[in-house]
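Peer 1: Got a structure for you, questions after.
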Amino acid sequence: MPEIINGNEIARVIREEIRKETVVMREITGVTPGLAVVLVGDDPASRIYVRRKGRACAEAGFLSREIRLPAAAAEGELLDIIVQLNGDPAVHGILVQLPLPRQIRTQMIIEAIAPAKDVDGFHPVNVGRLMAGNPGPVSCTPRGVMELLDRTGVDIAGREAVIVGRSNIVGKPLALLLLARHATVTICHTRTQRLPDVTRRADILVAAAGSPEMIRGDMIKEGAVVIDVGINRRDDGRLVGDVAFAEAERRAAYITPVPGGVGPMTIAMLLRNTLEAARRITAPV
Ligand code: NDP
């Protein structure tokens, strides 16, 4: 049987580390990290995410601010708020909860956030830094995957890593992070031919496709590390990942469950990005 990677426990440890680092930072510099979360509209899932982020900030000892706009808000209103937050010295991280309503251009909003406060790591400047291997905020979910691997003691250098999914928020940044750690990386997508042949090569297999249980047992190499980023709700209400867990369990050496694997790491990494942003912004020059 494989080792089940306990994302809840790893995220709890990281959040506790961040809480302690925050106390020290406040004692030494007088700075308390501040995160502003902007929610446009009242999508129930987004509201739950925003509430969770606020609670996690409070537990870490951060200041958190929630700004809500109605679903019909104009792009200009949201831009004004971002400009204000960019200039607010008490705010070190700005997160605009996605998806945004149709009348608002998402990319234009992402690009309006000051790169130093872009704790989601979506700004082109930060994407460029990641590409070049320079420090900066990194998209939370891929960063969370790297932490899971590291804290589980998985060797990355020289290993064959296969990622199923090439989105800008998960697949692509994760590929760059794995590459920076000397993995040999393959990214798969819907046009990939003979997908099982490719996934079977993986020492580290990451499923980030958003397709329920598409990774079957026979697509996994014996002894692989399997990381399941997918979160899908079945018709019966059950939450499943992109990996058929019961089948994968028989082949993998390490595997993340859904829920309780990658999911909890995303908020932990948002806190980490905010703390680091506060450090960078307030560091004496
Ligand atoms: P996107 O829909 O943006 O991207 C999905 C990617 O997977 C695309 O590149 C797509 O290929 C590829 N793909 C889809 N189906 C297949 C298939 N059958 N075979 C091969 N490739 C396939 O999704 P996201 O990256 O935003 O999210 C992926 C999953 O991760 C979702 O379930 C999402 O809910 C979850 N997620 C979880 C988070 C967490 O905190 N745990 C955070 C973010 C996302 P193509 O480009 O060709 O269309």
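Just remember, in the structure tokens the first chain shown is A, the second B, etc., residues are 1-based per chain, and ligands are 1-based in the order shown.
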Got a sec: who's within 8 Å of region 96-111 of chain A, counting only C-alpha atoms, leaving out chain neighbours fewer than 3 positions off, as a list of chain:residue names?
Peer 2: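 My list of contacting residues is A:Val37, A:Val38, A:Leu39, A:Val40, A:Gly41, A:Ser46, A:Val50, A:Ala71, A:Ala72, A:Ala74, A:Glu75, A:Leu78, A:Leu79, A:Ala114, A:Phe122, A:His123, A:Pro124.
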Peer 1: Among the residues of region 54-277 of chain A, find those DSSP assigns to strand (DSSP E) from the backbone and print them as a ChimeraX atom specification.
Peer 2: /A:63-69,93-96,160-164,184-188,204-207,225-228,232-233,239-240,254-255
Peer 1: Store the residues picked out above, limited to N, CA and C atoms, as a compact mmCIF listing (two decimals), in the first residue's frame.
Peer 2:
# COMPACT_ATOMS: atom_id res chain seq x y z
N LEU A 63 -3.40 40.84 9.05
CA LEU A 63 -4.57 41.70 8.89
C LEU A 63 -5.22 41.28 7.59
N SER A 64 -6.54 41.13 7.59
CA SER A 64 -7.17 40.81 6.32
C SER A 64 -8.34 41.74 6.09
N ARG A 65 -8.52 42.06 4.84
CA ARG A 65 -9.58 42.97 4.47
C ARG A 65 -10.35 42.34 3.32
N GLU A 66 -11.68 42.35 3.44
CA GLU A 66 -12.48 41.80 2.35
C GLU A 66 -13.24 42.94 1.70
N ILE A 67 -13.11 43.05 0.41
CA ILE A 67 -13.82 44.12 -0.30
C ILE A 67 -14.79 43.47 -1.27
N ARG A 68 -16.04 43.85 -1.16
CA ARG A 68 -17.06 43.24 -2.03
C ARG A 68 -17.65 44.24 -2.99
N LEU A 69 -17.81 43.80 -4.20
CA LEU A 69 -18.49 44.62 -5.20
C LEU A 69 -19.67 43.83 -5.75
N GLY A 93 -0.53 42.13 0.18
CA GLY A 93 -1.00 41.16 -0.81
C GLY A 93 -2.39 41.54 -1.29
N ILE A 94 -2.60 41.43 -2.61
CA ILE A 94 -3.93 41.70 -3.18
C ILE A 94 -4.36 40.47 -3.96
N LEU A 95 -5.55 40.00 -3.65
CA LEU A 95 -6.06 38.85 -4.38
C LEU A 95 -7.46 39.19 -4.90
N VAL A 96 -7.62 39.10 -6.18
CA VAL A 96 -8.95 39.28 -6.76
C VAL A 96 -9.50 37.88 -7.05
N GLU A 160 11.63 11.61 -13.88
CA GLU A 160 10.72 11.89 -15.00
C GLU A 160 9.39 12.39 -14.41
N ALA A 161 9.03 13.64 -14.69
CA ALA A 161 7.77 14.19 -14.16
C ALA A 161 6.81 14.41 -15.32
N VAL A 162 5.59 13.94 -15.18
CA VAL A 162 4.57 14.14 -16.22
C VAL A 162 3.39 14.88 -15.58
N ILE A 163 2.99 15.98 -16.22
CA ILE A 163 1.86 16.76 -15.73
C ILE A 163 0.74 16.65 -16.77
N VAL A 164 -0.44 16.28 -16.33
CA VAL A 164 -1.59 16.25 -17.25
C VAL A 164 -2.37 17.53 -16.99
N THR A 184 12.94 15.96 -15.40
CA THR A 184 12.69 15.96 -16.85
C THR A 184 11.17 16.01 -16.99
N VAL A 185 10.69 17.11 -17.59
CA VAL A 185 9.25 17.40 -17.48
C VAL A 185 8.52 17.23 -18.82
N THR A 186 7.39 16.56 -18.78
CA THR A 186 6.50 16.47 -19.94
C THR A 186 5.13 17.04 -19.54
N ILE A 187 4.57 17.88 -20.39
CA ILE A 187 3.23 18.41 -20.12
C ILE A 187 2.25 17.80 -21.14
N CYS A 188 1.17 17.24 -20.64
CA CYS A 188 0.15 16.63 -21.52
C CYS A 188 -1.12 17.47 -21.53
N ILE A 204 7.06 10.92 -11.23
CA ILE A 204 6.16 11.84 -10.52
C ILE A 204 5.05 12.19 -11.50
N LEU A 205 3.83 11.80 -11.17
CA LEU A 205 2.71 12.05 -12.07
C LEU A 205 1.76 13.05 -11.40
N VAL A 206 1.52 14.17 -12.08
CA VAL A 206 0.61 15.18 -11.52
C VAL A 206 -0.61 15.27 -12.43
N ALA A 207 -1.79 15.08 -11.86
CA ALA A 207 -3.03 15.18 -12.63
C ALA A 207 -3.69 16.51 -12.31
N VAL A 225 5.09 8.49 -7.73
CA VAL A 225 4.49 9.46 -6.80
C VAL A 225 3.34 10.10 -7.57
N VAL A 226 2.13 10.01 -7.04
CA VAL A 226 0.96 10.51 -7.77
C VAL A 226 0.33 11.68 -7.01
N ILE A 227 0.31 12.83 -7.66
CA ILE A 227 -0.25 14.04 -7.05
C ILE A 227 -1.51 14.42 -7.82
N ASP A 228 -2.62 14.48 -7.10
CA ASP A 228 -3.92 14.73 -7.74
C ASP A 228 -4.40 16.14 -7.40
N ASN A 232 -13.32 17.54 -8.45
CA ASN A 232 -14.52 17.40 -9.29
C ASN A 232 -15.66 16.88 -8.43
N ARG A 233 -16.85 17.43 -8.66
CA ARG A 233 -18.01 16.93 -7.93
C ARG A 233 -18.81 16.00 -8.82
N LEU A 239 -16.99 14.21 -3.86
CA LEU A 239 -15.86 14.96 -4.39
C LEU A 239 -14.79 13.96 -4.83
N VAL A 240 -14.37 14.03 -6.08
CA VAL A 240 -13.31 13.12 -6.53
C VAL A 240 -12.22 13.92 -7.24
N TYR A 254 3.52 6.77 -3.41
CA TYR A 254 2.96 7.89 -2.64
C TYR A 254 1.78 8.43 -3.43
N ILE A 255 0.74 8.83 -2.73
CA ILE A 255 -0.42 9.39 -3.45
C ILE A 255 -1.14 10.41 -2.57
Peer 1: Can you check which parts of chain A lie within 7 Å of ligand 1? Per residue, the shortest pair of atoms and distance in Å to one decimal, counting only C-alpha atoms and all ligand atoms, sorted by chain and number, as JSON lines.
Peer 2:
{"residue": "A:Thr141", "atom": "CA", "partner": "ligand 1", "partner_atom_place_in_ligand_line": "42 (C)", "distance": 5.4}
{"residue": "A:Val164", "atom": "CA", "partner": "ligand 1", "partner_atom_place_in_ligand_line": "21 (N)", "distance": 5.4}
{"residue": "A:Gly165", "atom": "CA", "partner": "ligand 1", "partner_atom_place_in_ligand_line": "7 (O)", "distance": 3.3}
{"residue": "A:Arg166", "atom": "CA", "partner": "ligand 1", "partner_atom_place_in_ligand_line": "9 (O)", "distance": 3.7}
{"residue": "A:Ser167", "atom": "CA", "partner": "ligand 1", "partner_atom_place_in_ligand_line": "25 (O)", "distance": 4.4}
{"residue": "A:Asn168", "atom": "CA", "partner": "ligand 1", "partner_atom_place_in_ligand_line": "25 (O)", "distance": 6.9}
{"residue": "A:Ile169", "atom": "CA", "partner": "ligand 1", "partner_atom_place_in_ligand_line": "25 (O)", "distance": 5.9}
{"residue": "A:Val170", "atom": "CA", "partner": "ligand 1", "partner_atom_place_in_ligand_line": "25 (O)", "distance": 4.8}
{"residue": "A:Gly171", "atom": "CA", "partner": "ligand 1", "partner_atom_place_in_ligand_line": "25 (O)", "distance": 6.1}
{"residue": "A:Cys188", "atom": "CA", "partner": "ligand 1", "partner_atom_place_in_ligand_line": "21 (N)", "distance": 5.8}
{"residue": "A:His189", "atom": "CA", "partner": "ligand 1", "partner_atom_place_in_ligand_line": "21 (N)", "distance": 3.4}
{"residue": "A:Thr190", "atom": "CA", "partner": "ligand 1", "partner_atom_place_in_ligand_line": "47 (O)", "distance": 3.8}
{"residue": "A:Arg191", "atom": "CA", "partner": "ligand 1", "partner_atom_place_in_ligand_line": "47 (O)", "distance": 5.7}
{"residue": "A:Thr192", "atom": "CA", "partner": "ligand 1", "partner_atom_place_in_ligand_line": "20 (C)", "distance": 6.6}
{"residue": "A:Ala208", "atom": "CA", "partner": "ligand 1", "partner_atom_place_in_ligand_line": "28 (C)", "distance": 4.2}
{"residue": "A:Ala209", "atom": "CA", "partner": "ligand 1", "partner_atom_place_in_ligand_line": "7 (O)", "distance": 3.2}
{"residue": "A:Gly210", "atom": "CA", "partner": "ligand 1", "partner_atom_place_in_ligand_line": "32 (O)", "distance": 3.1}
{"residue": "A:Ser211", "atom": "CA", "partner": "ligand 1", "partner_atom_place_in_ligand_line": "15 (N)", "distance": 5.3}
{"residue": "A:Met214", "atom": "CA", "partner": "ligand 1", "partner_atom_place_in_ligand_line": "18 (N)", "distance": 6.5}
{"residue": "A:Val229", "atom": "CA", "partner": "ligand 1", "partner_atom_place_in_ligand_line": "30 (O)", "distance": 4.7}
{"residue": "A:Gly230", "atom": "CA", "partner": "ligand 1", "partner_atom_place_in_ligand_line": "32 (O)", "distance": 3.5}
{"residue": "A:Ile231", "atom": "CA", "partner": "ligand 1", "partner_atom_place_in_ligand_line": "32 (O)", "distance": 4.1}
{"residue": "A:Asn232", "atom": "CA", "partner": "ligand 1", "partner_atom_place_in_ligand_line": "32 (O)", "distance": 5.4}
{"residue": "A:Gly241", "atom": "CA", "partner": "ligand 1", "partner_atom_place_in_ligand_line": "32 (O)", "distance": 6.9}
{"residue": "A:Asp242", "atom": "CA", "partner": "ligand 1", "partner_atom_place_in_ligand_line": "32 (O)", "distance": 6.9}
{"residue": "A:Val262", "atom": "CA", "partner": "ligand 1", "partner_atom_place_in_ligand_line": "41 (N)", "distance": 4.8}
{"residue": "A:Gly263", "atom": "CA", "partner": "ligand 1", "partner_atom_place_in_ligand_line": "41 (N)", "distance": 3.6}
{"residue": "A:Pro264", "atom": "CA", "partner": "ligand 1", "partner_atom_place_in_ligand_line": "40 (O)", "distance": 6.8}
{"residue": "A:Met265", "atom": "CA", "partner": "ligand 1", "partner_atom_place_in_ligand_line": "40 (O)", "distance": 7.0}
{"residue": "A:Thr266", "atom": "CA", "partner": "ligand 1", "partner_atom_place_in_ligand_line": "40 (O)", "distance": 4.9}
Peer 1: List the spatial neighbours of Thr282 (chain A) as a PyMOL selection string - criterion: any atom at most 10 Å away, only C-alpha atoms, same-chain residues fewer than 6 positions off excluded.
Peer 2: chain A and resi 29+31+33+89+92+276
Peer 1: Return the single residue from A:Leu179, A:Gly76, A:Arg194, A:Arg216 that is closest to Ala246 (chain A), with distances computed using only C-alpha atoms.
Peer 2: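 Result for the nearest residue to Ala246 (chain A): A:Arg216.
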Peer 1: For the alpha helix (DSSP H) assignment from backbone DSSP, which residues of region 17-218 of chain A qualify? Please present them as a PyMOL selection string.
Peer 2: chain A and resi 17-29+44-60+75-86+106-112+124-132+140-152+171-180+195-199
Peer 1: Neighbours of Val91 (chain A) within 7 Å (only C-alpha atoms; same-chain residues fewer than 2 positions away dropped), as a PyMOL selection string?
Peer 2: chain A and resi 34-36+85+88-89+93
Peer 1: What's the separation between CA of Lys117 (chain A) and CA of Ala60 (chain A), in Å to one decimal place?
Peer 2: 18.0 Å
Peer 1: So the first atom is CA of Pro212 (chain A) and the second is CA of Leu130 (chain A); what is the distance between them in Å, to one decimal place?
Peer 2: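 Atom-to-atom, CA of Pro212 (chain A) to CA of Leu130 (chain A), that is 29.4 Å.
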Peer 1: Could you tell me which of A:Ala268, A:Val145, A:Ile81, A:Val258 comes closest to Ile4 (chain A) if we count only C-alpha atoms?
Peer 2: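 Checking each candidate against Ile4 (chain A), we get A:Val258 as the closest.
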Peer 1: Separation of CA of Lys20 (chain A) and CA of Arg151 (chain A), in Å?
Peer 2: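 These two atoms are separated by 18.6 Å.
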